[in-house]
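Since the structure comes first, as structure tokens, the remarks are kept for the end.
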Amino acid sequence: MKTIAYMTGLGVTTVSRALNDAPDIGQATKDRVRLVARQIGYRPNRAGVRLRTGKTNVISLILSTETEALGLTSHIVHGISERLAASPYHLIVTPYSRARDPLDPVRYIVETASADGVIFSRTEPQDRRARYLHEAGFPFATHGRTEMEFAHPFYDFDNAAYAETAVDRLAARGRRTLALLPPPGNLTYAKHMAAGFVRGVERRDLTELPVHGVDIDSDPAAIAAEIRRLMTARRRPDGLVCASAYGAILAIAAAEEAGLVIGRDFDVAVKESFDLMRKFRPQIEVVREDFRAAGVGLAGAVLGAIDGRPAEELQTVETPPPA
């Protein structure tokens, strides 16, 4: 920092505050200091920063090792990293297995003070992780909402609106008997999606056929078997609403194995972020969910929580485009 101060003609204290994005330092000064820092390859010593400030300058993204395929994780990580690039914070990913207690990685981060803030997903209505972090006074943001009695930062997609939009699009194609391949029932967004699906079906006077015993987290063979059963029944759906792109691919493959043709015998609506589904089958109705924007929003929310902003100011619900 002394070298940067010498090269910029600034004091060491000013350089330090500029590198730490202090609000009382002008943007032009910050840009000048950061440019010189990059040019000379300056990197703060993490251990020294922690000893001096008590902060790690780390945000931890807690991810399940069984996270959905097809790029969901990479898009969220890209969005978070993009937002953090303009801050002194860095991202680390803390993996966990759903076979273990999801509170374990959260408790480890808090007890070891290995991050200044936490981001996690797969929220439940009464989420133990959110309660633990709230009671510990530890900054966090969730990808998804809860139904807790306290406010907390979150970024969510309006899955009720998605399901209702999906029903509308399938109805516009003349589909009258619909089924929903849902998220796991313990997750908050499963409740939202089911409510939107039912609302859309009832509003358009359609018929719902239930999917039994599986969700998008189920074993692929179990999903395929249930979709084959459903699509070969005497009274079968002619439209499927899917909670994930991966689930949609499994459902379409199973229906086609049963001899049905998408676009003729049935249609599918799905949400996705990575512009793949129409390349897989151009007939699919796609509702966009922007995971990169979710990452940007989550990073902004957890940074706001670290700065002490009210949780109510750090809550976003992304609305899908209308049918």
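We name chains A, B, ... following the order of the structure tokens; residues begin at 1 in each chain, and ligands are numbered from 1 as shown.
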
* Name all residues at most 12 Å from Asp307 of chain A (count only C-alpha atoms; drop same-chain ones fewer than 4 positions away) and give them as a ChimeraX atom specification. => /A:21-23,116-117,138-140,300-303,311,314

* Asked: Can you list, as a ChimeraX atom specification, every protein, DNA or RNA residue that comes within 7 Å of segment 255-266 of chain A when you count only C-alpha atoms, leaving out same-chain residues fewer than 3 positions away?
  -> /A:227-228,231-232,238-239,251-252,283

* Neighbour list for segment 169-171 of chain A as a VMD selection string, cut-off 8 Å, only C-alpha atoms, skip fewer than 2 positions in-chain -> chain A and resid 165 to 167 173 to 176 204 239 267 to 269 285 323

* To do: Could you tell me, as a PyMOL selection string, which residues of segment 83-216 of chain A DSSP assigns to strand (DSSP E or B) when given the backbone?
  => chain A and resi 90-96+117-120+140-143+154-157+177-181+207-208

* **Contact residues around Ala222 of chain A with only C-alpha atoms at 12 Å, ignoring same-chain residues under 6 positions, as a list in words** => Val211, His212, Gly213, Val214, Asp215, Ile216, Arg228, Arg229, Gly247, Leu250, Ala251 and Ala254 of chain A

* To do: Run DSSP on the backbone of this structure and report the residues of segment 77-308 of chain A it assigns to helix (DSSP H, G or I), as a VMD selection string.
  => chain A and resid 77 to 84 103 to 112 128 to 136 159 to 172 188 to 203 220 to 231 245 to 257 277 to 280 291 to 306

Restricted to C-alpha atoms, what would the selected residues look like written as an mmCIF file, in the first residue's frame?
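Now in out_5.cif:
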data_model
loop_
_atom_site.group_PDB
_atom_site.id
_atom_site.type_symbol
_atom_site.label_atom_id
_atom_site.label_comp_id
_atom_site.auth_asym_id
_atom_site.auth_seq_id
_atom_site.Cartn_x
_atom_site.Cartn_y
_atom_site.Cartn_z
ATOM 1 C CA VAL A 77 -22.004 -18.235 -9.635
ATOM 2 C CA HIS A 78 -21.359 -16.027 -12.663
ATOM 3 C CA GLY A 79 -23.948 -13.503 -11.463
ATOM 4 C CA ILE A 80 -22.615 -13.438 -7.904
ATOM 5 C CA SER A 81 -19.023 -13.070 -9.109
ATOM 6 C CA GLU A 82 -20.033 -10.267 -11.463
ATOM 7 C CA ARG A 83 -21.595 -8.299 -8.608
ATOM 8 C CA LEU A 84 -18.744 -8.957 -6.170
ATOM 9 C CA LEU A 103 -27.495 -26.891 8.864
ATOM 10 C CA ASP A 104 -23.978 -28.366 9.227
ATOM 11 C CA PRO A 105 -22.167 -26.152 6.657
ATOM 12 C CA VAL A 106 -23.979 -23.053 7.931
ATOM 13 C CA ARG A 107 -23.018 -23.771 11.524
ATOM 14 C CA TYR A 108 -19.397 -24.398 10.483
ATOM 15 C CA ILE A 109 -19.114 -21.027 8.707
ATOM 16 C CA VAL A 110 -20.575 -19.139 11.666
ATOM 17 C CA GLU A 111 -18.540 -20.960 14.321
ATOM 18 C CA THR A 112 -15.248 -20.603 12.422
ATOM 19 C CA ARG A 128 -33.695 -23.949 10.243
ATOM 20 C CA ARG A 129 -30.724 -22.365 8.473
ATOM 21 C CA ALA A 130 -32.447 -18.992 8.207
ATOM 22 C CA ARG A 131 -33.493 -19.113 11.852
ATOM 23 C CA TYR A 132 -29.995 -20.056 13.011
ATOM 24 C CA LEU A 133 -28.353 -17.249 11.025
ATOM 25 C CA HIS A 134 -30.964 -14.716 12.118
ATOM 26 C CA GLU A 135 -30.527 -15.602 15.783
ATOM 27 C CA ALA A 136 -26.734 -15.501 15.384
ATOM 28 C CA ASN A 159 -43.112 -19.672 -9.336
ATOM 29 C CA ALA A 160 -46.847 -19.194 -8.845
ATOM 30 C CA ALA A 161 -46.877 -16.764 -11.769
ATOM 31 C CA TYR A 162 -44.688 -19.160 -13.764
ATOM 32 C CA ALA A 163 -47.096 -22.073 -13.315
ATOM 33 C CA GLU A 164 -50.108 -19.935 -14.182
ATOM 34 C CA THR A 165 -48.326 -18.585 -17.281
ATOM 35 C CA ALA A 166 -47.356 -22.115 -18.289
ATOM 36 C CA VAL A 167 -50.991 -23.249 -17.997
ATOM 37 C CA ASP A 168 -52.118 -20.286 -20.108
ATOM 38 C CA ARG A 169 -49.613 -21.090 -22.846
ATOM 39 C CA LEU A 170 -50.604 -24.752 -22.967
ATOM 40 C CA ALA A 171 -54.304 -23.801 -23.007
ATOM 41 C CA ALA A 172 -53.602 -21.461 -25.928
ATOM 42 C CA THR A 188 -41.275 -23.231 -0.345
ATOM 43 C CA TYR A 189 -41.403 -22.776 -4.090
ATOM 44 C CA ALA A 190 -43.232 -26.099 -4.479
ATOM 45 C CA LYS A 191 -46.134 -24.578 -2.566
ATOM 46 C CA HIS A 192 -46.056 -21.468 -4.749
ATOM 47 C CA MET A 193 -45.907 -23.455 -7.984
ATOM 48 C CA ALA A 194 -48.745 -25.776 -7.009
ATOM 49 C CA ALA A 195 -50.958 -22.807 -6.098
ATOM 50 C CA GLY A 196 -50.305 -21.086 -9.431
ATOM 51 C CA PHE A 197 -50.930 -24.304 -11.361
ATOM 52 C CA VAL A 198 -54.263 -24.921 -9.650
ATOM 53 C CA ARG A 199 -55.274 -21.283 -10.110
ATOM 54 C CA GLY A 200 -54.523 -21.444 -13.838
ATOM 55 C CA VAL A 201 -56.341 -24.758 -14.313
ATOM 56 C CA GLU A 202 -59.426 -23.558 -12.463
ATOM 57 C CA ARG A 203 -59.511 -20.159 -14.184
ATOM 58 C CA PRO A 220 -34.535 -40.452 -13.200
ATOM 59 C CA ALA A 221 -35.819 -43.976 -13.678
ATOM 60 C CA ALA A 222 -38.690 -43.309 -11.267
ATOM 61 C CA ILE A 223 -39.625 -40.089 -13.086
ATOM 62 C CA ALA A 224 -39.562 -41.897 -16.450
ATOM 63 C CA ALA A 225 -41.698 -44.753 -15.135
ATOM 64 C CA GLU A 226 -44.333 -42.408 -13.699
ATOM 65 C CA ILE A 227 -44.524 -40.298 -16.865
ATOM 66 C CA ARG A 228 -44.867 -43.451 -18.999
ATOM 67 C CA ARG A 229 -47.668 -44.646 -16.727
ATOM 68 C CA LEU A 230 -49.384 -41.290 -16.924
ATOM 69 C CA MET A 231 -49.028 -40.890 -20.687
ATOM 70 C CA ALA A 245 -35.418 -28.260 -17.488
ATOM 71 C CA TYR A 246 -33.868 -31.546 -16.400
ATOM 72 C CA GLY A 247 -37.281 -32.851 -15.345
ATOM 73 C CA ALA A 248 -38.752 -31.737 -18.671
ATOM 74 C CA ILE A 249 -36.109 -33.640 -20.640
ATOM 75 C CA LEU A 250 -36.828 -36.813 -18.666
ATOM 76 C CA ALA A 251 -40.591 -36.373 -19.091
ATOM 77 C CA ILE A 252 -40.396 -35.744 -22.832
ATOM 78 C CA ALA A 253 -38.099 -38.726 -23.368
ATOM 79 C CA ALA A 254 -40.480 -40.982 -21.422
ATOM 80 C CA ALA A 255 -43.529 -39.760 -23.357
ATOM 81 C CA GLU A 256 -41.747 -40.265 -26.667
ATOM 82 C CA GLU A 257 -40.715 -43.768 -25.619
ATOM 83 C CA MET A 277 -34.785 -26.485 -24.293
ATOM 84 C CA ARG A 278 -35.897 -25.193 -27.684
ATOM 85 C CA LYS A 279 -32.727 -26.687 -29.170
ATOM 86 C CA PHE A 280 -33.723 -30.004 -27.600
ATOM 87 C CA PHE A 291 -30.271 -17.338 -12.885
ATOM 88 C CA ARG A 292 -27.506 -14.859 -13.679
ATOM 89 C CA ALA A 293 -29.764 -12.018 -12.509
ATOM 90 C CA ALA A 294 -30.547 -14.101 -9.426
ATOM 91 C CA GLY A 295 -26.827 -14.320 -8.671
ATOM 92 C CA VAL A 296 -26.387 -10.564 -9.063
ATOM 93 C CA GLY A 297 -29.407 -9.944 -6.827
ATOM 94 C CA LEU A 298 -28.279 -12.394 -4.158
ATOM 95 C CA ALA A 299 -24.803 -10.858 -3.996
ATOM 96 C CA GLY A 300 -26.311 -7.397 -3.668
ATOM 97 C CA ALA A 301 -28.655 -8.612 -0.934
ATOM 98 C CA VAL A 302 -25.937 -10.209 1.191
ATOM 99 C CA LEU A 303 -23.681 -7.164 0.779
ATOM 100 C CA GLY A 304 -26.569 -5.016 1.936
ATOM 101 C CA ALA A 305 -27.068 -7.282 4.944
ATOM 102 C CA ILE A 306 -23.368 -6.967 5.827
#

* To do: Excluding Val317 of chain A and residues on its chain fewer than 2 positions from it, collect all residues at most 7 Å away from it, counting only C-alpha atoms, and give them as a VMD selection string.
  => chain A and resid 155 to 158 315 319
